[in-house]
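J.: Data: my_file_9.cif, mmCIF, C-alpha atoms.
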```cif
data_upload
#
loop_
_atom_site.group_PDB
_atom_site.id
_atom_site.type_symbol
_atom_site.label_atom_id
_atom_site.label_comp_id
_atom_site.auth_asym_id
_atom_site.auth_seq_id
_atom_site.Cartn_x
_atom_site.Cartn_y
_atom_site.Cartn_z
ATOM 1 C CA MET A 1482 11.222 95.493 22.540
ATOM 2 C CA ASN A 1483 12.545 92.312 24.132
ATOM 3 C CA GLY A 1484 15.847 90.500 23.545
ATOM 4 C CA ASN A 1485 14.323 88.211 20.922
ATOM 5 C CA THR A 1486 13.419 91.043 18.560
ATOM 6 C CA ALA A 1487 16.825 92.743 18.478
ATOM 7 C CA LYS A 1488 18.237 93.598 15.076
ATOM 8 C CA LYS A 1489 20.424 90.893 13.554
ATOM 9 C CA ASP A 1490 22.387 93.087 11.155
ATOM 10 C CA ARG A 1491 25.754 94.249 12.454
ATOM 11 C CA SER A 1492 28.232 96.691 11.060
ATOM 12 C CA GLY A 1493 31.230 94.552 12.052
ATOM 13 C CA PRO A 1494 32.374 91.317 13.606
ATOM 14 C CA SER A 1495 30.992 90.119 16.914
ATOM 15 C CA ILE A 1496 33.204 90.269 19.978
ATOM 16 C CA ARG A 1497 33.706 86.502 19.754
ATOM 17 C CA GLU A 1498 34.817 86.731 16.126
ATOM 18 C CA ALA A 1499 37.187 89.596 16.890
ATOM 19 C CA VAL A 1500 38.723 87.770 19.861
ATOM 20 C CA GLU A 1501 39.167 84.576 17.847
ATOM 21 C CA ARG A 1502 40.819 86.475 14.988
ATOM 22 C CA LEU A 1503 43.219 88.178 17.419
ATOM 23 C CA GLU A 1504 43.964 84.934 19.259
ATOM 24 C CA ARG A 1505 44.714 83.138 15.981
ATOM 25 C CA GLU A 1506 47.044 85.935 14.882
ATOM 26 C CA LEU A 1507 48.899 85.946 18.218
ATOM 27 C CA ILE A 1508 49.406 82.179 18.046
ATOM 28 C CA VAL A 1509 50.723 82.315 14.484
ATOM 29 C CA ARG A 1510 53.121 85.146 15.394
ATOM 30 C CA ALA A 1511 54.335 83.319 18.519
ATOM 31 C CA LEU A 1512 55.004 80.161 16.515
ATOM 32 C CA GLU A 1513 56.831 82.108 13.826
ATOM 33 C CA SER A 1514 58.988 83.977 16.333
ATOM 34 C CA SER A 1515 59.819 80.747 18.187
ATOM 35 C CA GLY A 1516 60.849 78.984 14.995
ATOM 36 C CA GLY A 1517 57.888 76.648 15.335
ATOM 37 C CA ARG A 1518 58.801 75.451 18.826
ATOM 38 C CA GLN A 1519 55.475 74.970 20.551
ATOM 39 C CA SER A 1520 56.901 74.936 24.073
ATOM 40 C CA GLU A 1521 58.561 78.321 23.536
ATOM 41 C CA ALA A 1522 55.484 79.770 21.792
ATOM 42 C CA ALA A 1523 53.217 78.595 24.617
ATOM 43 C CA ARG A 1524 55.549 80.065 27.236
ATOM 44 C CA GLY A 1525 55.596 83.395 25.375
ATOM 45 C CA LEU A 1526 51.796 83.419 25.213
ATOM 46 C CA GLY A 1527 51.456 82.500 28.894
ATOM 47 C CA ILE A 1528 49.529 79.287 28.180
ATOM 48 C CA SER A 1529 50.310 75.596 28.480
ATOM 49 C CA GLU A 1530 51.470 73.534 25.515
ATOM 50 C CA ARG A 1531 48.265 71.542 25.786
ATOM 51 C CA VAL A 1532 46.142 74.695 25.445
ATOM 52 C CA LEU A 1533 48.320 75.822 22.535
ATOM 53 C CA ARG A 1534 47.807 72.498 20.731
ATOM 54 C CA TYR A 1535 44.042 72.709 21.350
ATOM 55 C CA LYS A 1536 43.877 76.231 19.929
ATOM 56 C CA MET A 1537 46.054 75.288 16.951
ATOM 57 C CA LYS A 1538 43.605 72.516 16.151
ATOM 58 C CA LYS A 1539 40.611 74.810 16.734
ATOM 59 C CA TYR A 1540 41.974 77.477 14.392
ATOM 60 C CA ARG A 1541 43.470 74.963 11.949
ATOM 61 C CA ILE A 1542 47.013 76.218 12.393
ATOM 62 C CA ILE A 1543 49.420 73.592 11.122
ATOM 63 C CA ARG A 1544 53.121 73.598 11.869
ATOM 64 C CA THR A 1545 54.632 72.329 8.631
ATOM 65 C CA THR A 1546 58.318 72.881 9.468
ATOM 66 C CA LYS A 1547 60.260 74.487 12.258
ATOM 67 C CA VAL A 1548 60.352 77.793 10.394
ATOM 68 C CA SER A 1549 57.180 77.706 8.302
ATOM 69 C CA ILE A 1550 53.758 78.070 9.905
ATOM 70 C CA THR A 1551 50.641 77.542 7.824
ATOM 71 C CA ASP A 1552 47.385 79.179 8.886
ATOM 72 C CA LYS A 1553 44.588 76.996 7.490
ATOM 73 C CA SER A 1554 41.799 79.170 8.860
ATOM 74 C CA VAL A 1555 38.765 79.703 6.693
ATOM 75 C CA SER A 1556 37.916 83.365 7.067
#
```
What is this structure when it is put down as structure tokens?
T.:
Amino acid sequence: MNGNTAKKDRSGPSIREAVERLERELIVRALESSGGRQSEAARGLGISERVLRYKMKKYRIIRTTKVSITDKSVS
């Protein structure tokens, strides 16, 4: 059996899907705990503000107010 004939059915999410779900959750929590302050959330996550903004866009996380974070992900 070669790599092209491997079974496609999986019992759970792929590693990529699991990592993305965890990353999204960590970002939302960091934003909530920082009161929506992106600089503080980024610092707490150990990433730059630019990377945080990129990931927020990627995962459709919208900061609506300083204390309310909306996760617009389509799961």
J.: Given the choices A:Tyr1540, A:Glu1521, A:Arg1534, A:Gly1527, which gets closest to A:Arg1502 if the distance is worked out from only C-alpha atoms?
T.: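 Of A:Tyr1540, A:Glu1521, A:Arg1534, A:Gly1527, the one nearest A:Arg1502 is A:Tyr1540, counting only C-alpha atoms.
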J.: Rank nothing, just name the residue among A:Ser1514, A:Ala1522, A:Val1509, A:Ile1528 nearest to A:Ile1542, using only C-alpha atoms.
T.: A:Val1509
J.: Atom CA of A:Ala1511 and atom CA of A:Ile1496 are how many Å apart?
T.: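 Straight-line distance from atom CA of A:Ala1511 to atom CA of A:Ile1496 works out to 22.3 Å.
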J.: In terms of the shortest atom-to-atom distance over only C-alpha atoms, which of A:Arg1544, A:Arg1505, A:Arg1491, A:Arg1497 is closest to A:Arg1518?
T.: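 The closest residue to A:Arg1518 is A:Arg1544.
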J.: Using the chain letters and numbers from the file, which residues does the PyMOL selection byres ((chain A and resi 1537) around 12) grab, as a PyMOL selection string?
T.: chain A and resi 1501+1504-1509+1511-1512+1519+1522-1523+1530-1536+1538-1544+1550-1554
J.: Given 8 Å of margin on each side, can you work out the centre and size in Å (one decimal) of an axis-aligned box holding every listed atom of stretch 1526-1545 of chain A, as JSON?
T.:
```
{"center_x": 47.6, "center_y": 77.5, "center_z": 18.8, "size_x": 30.0, "size_y": 27.9, "size_z": 36.3}
```
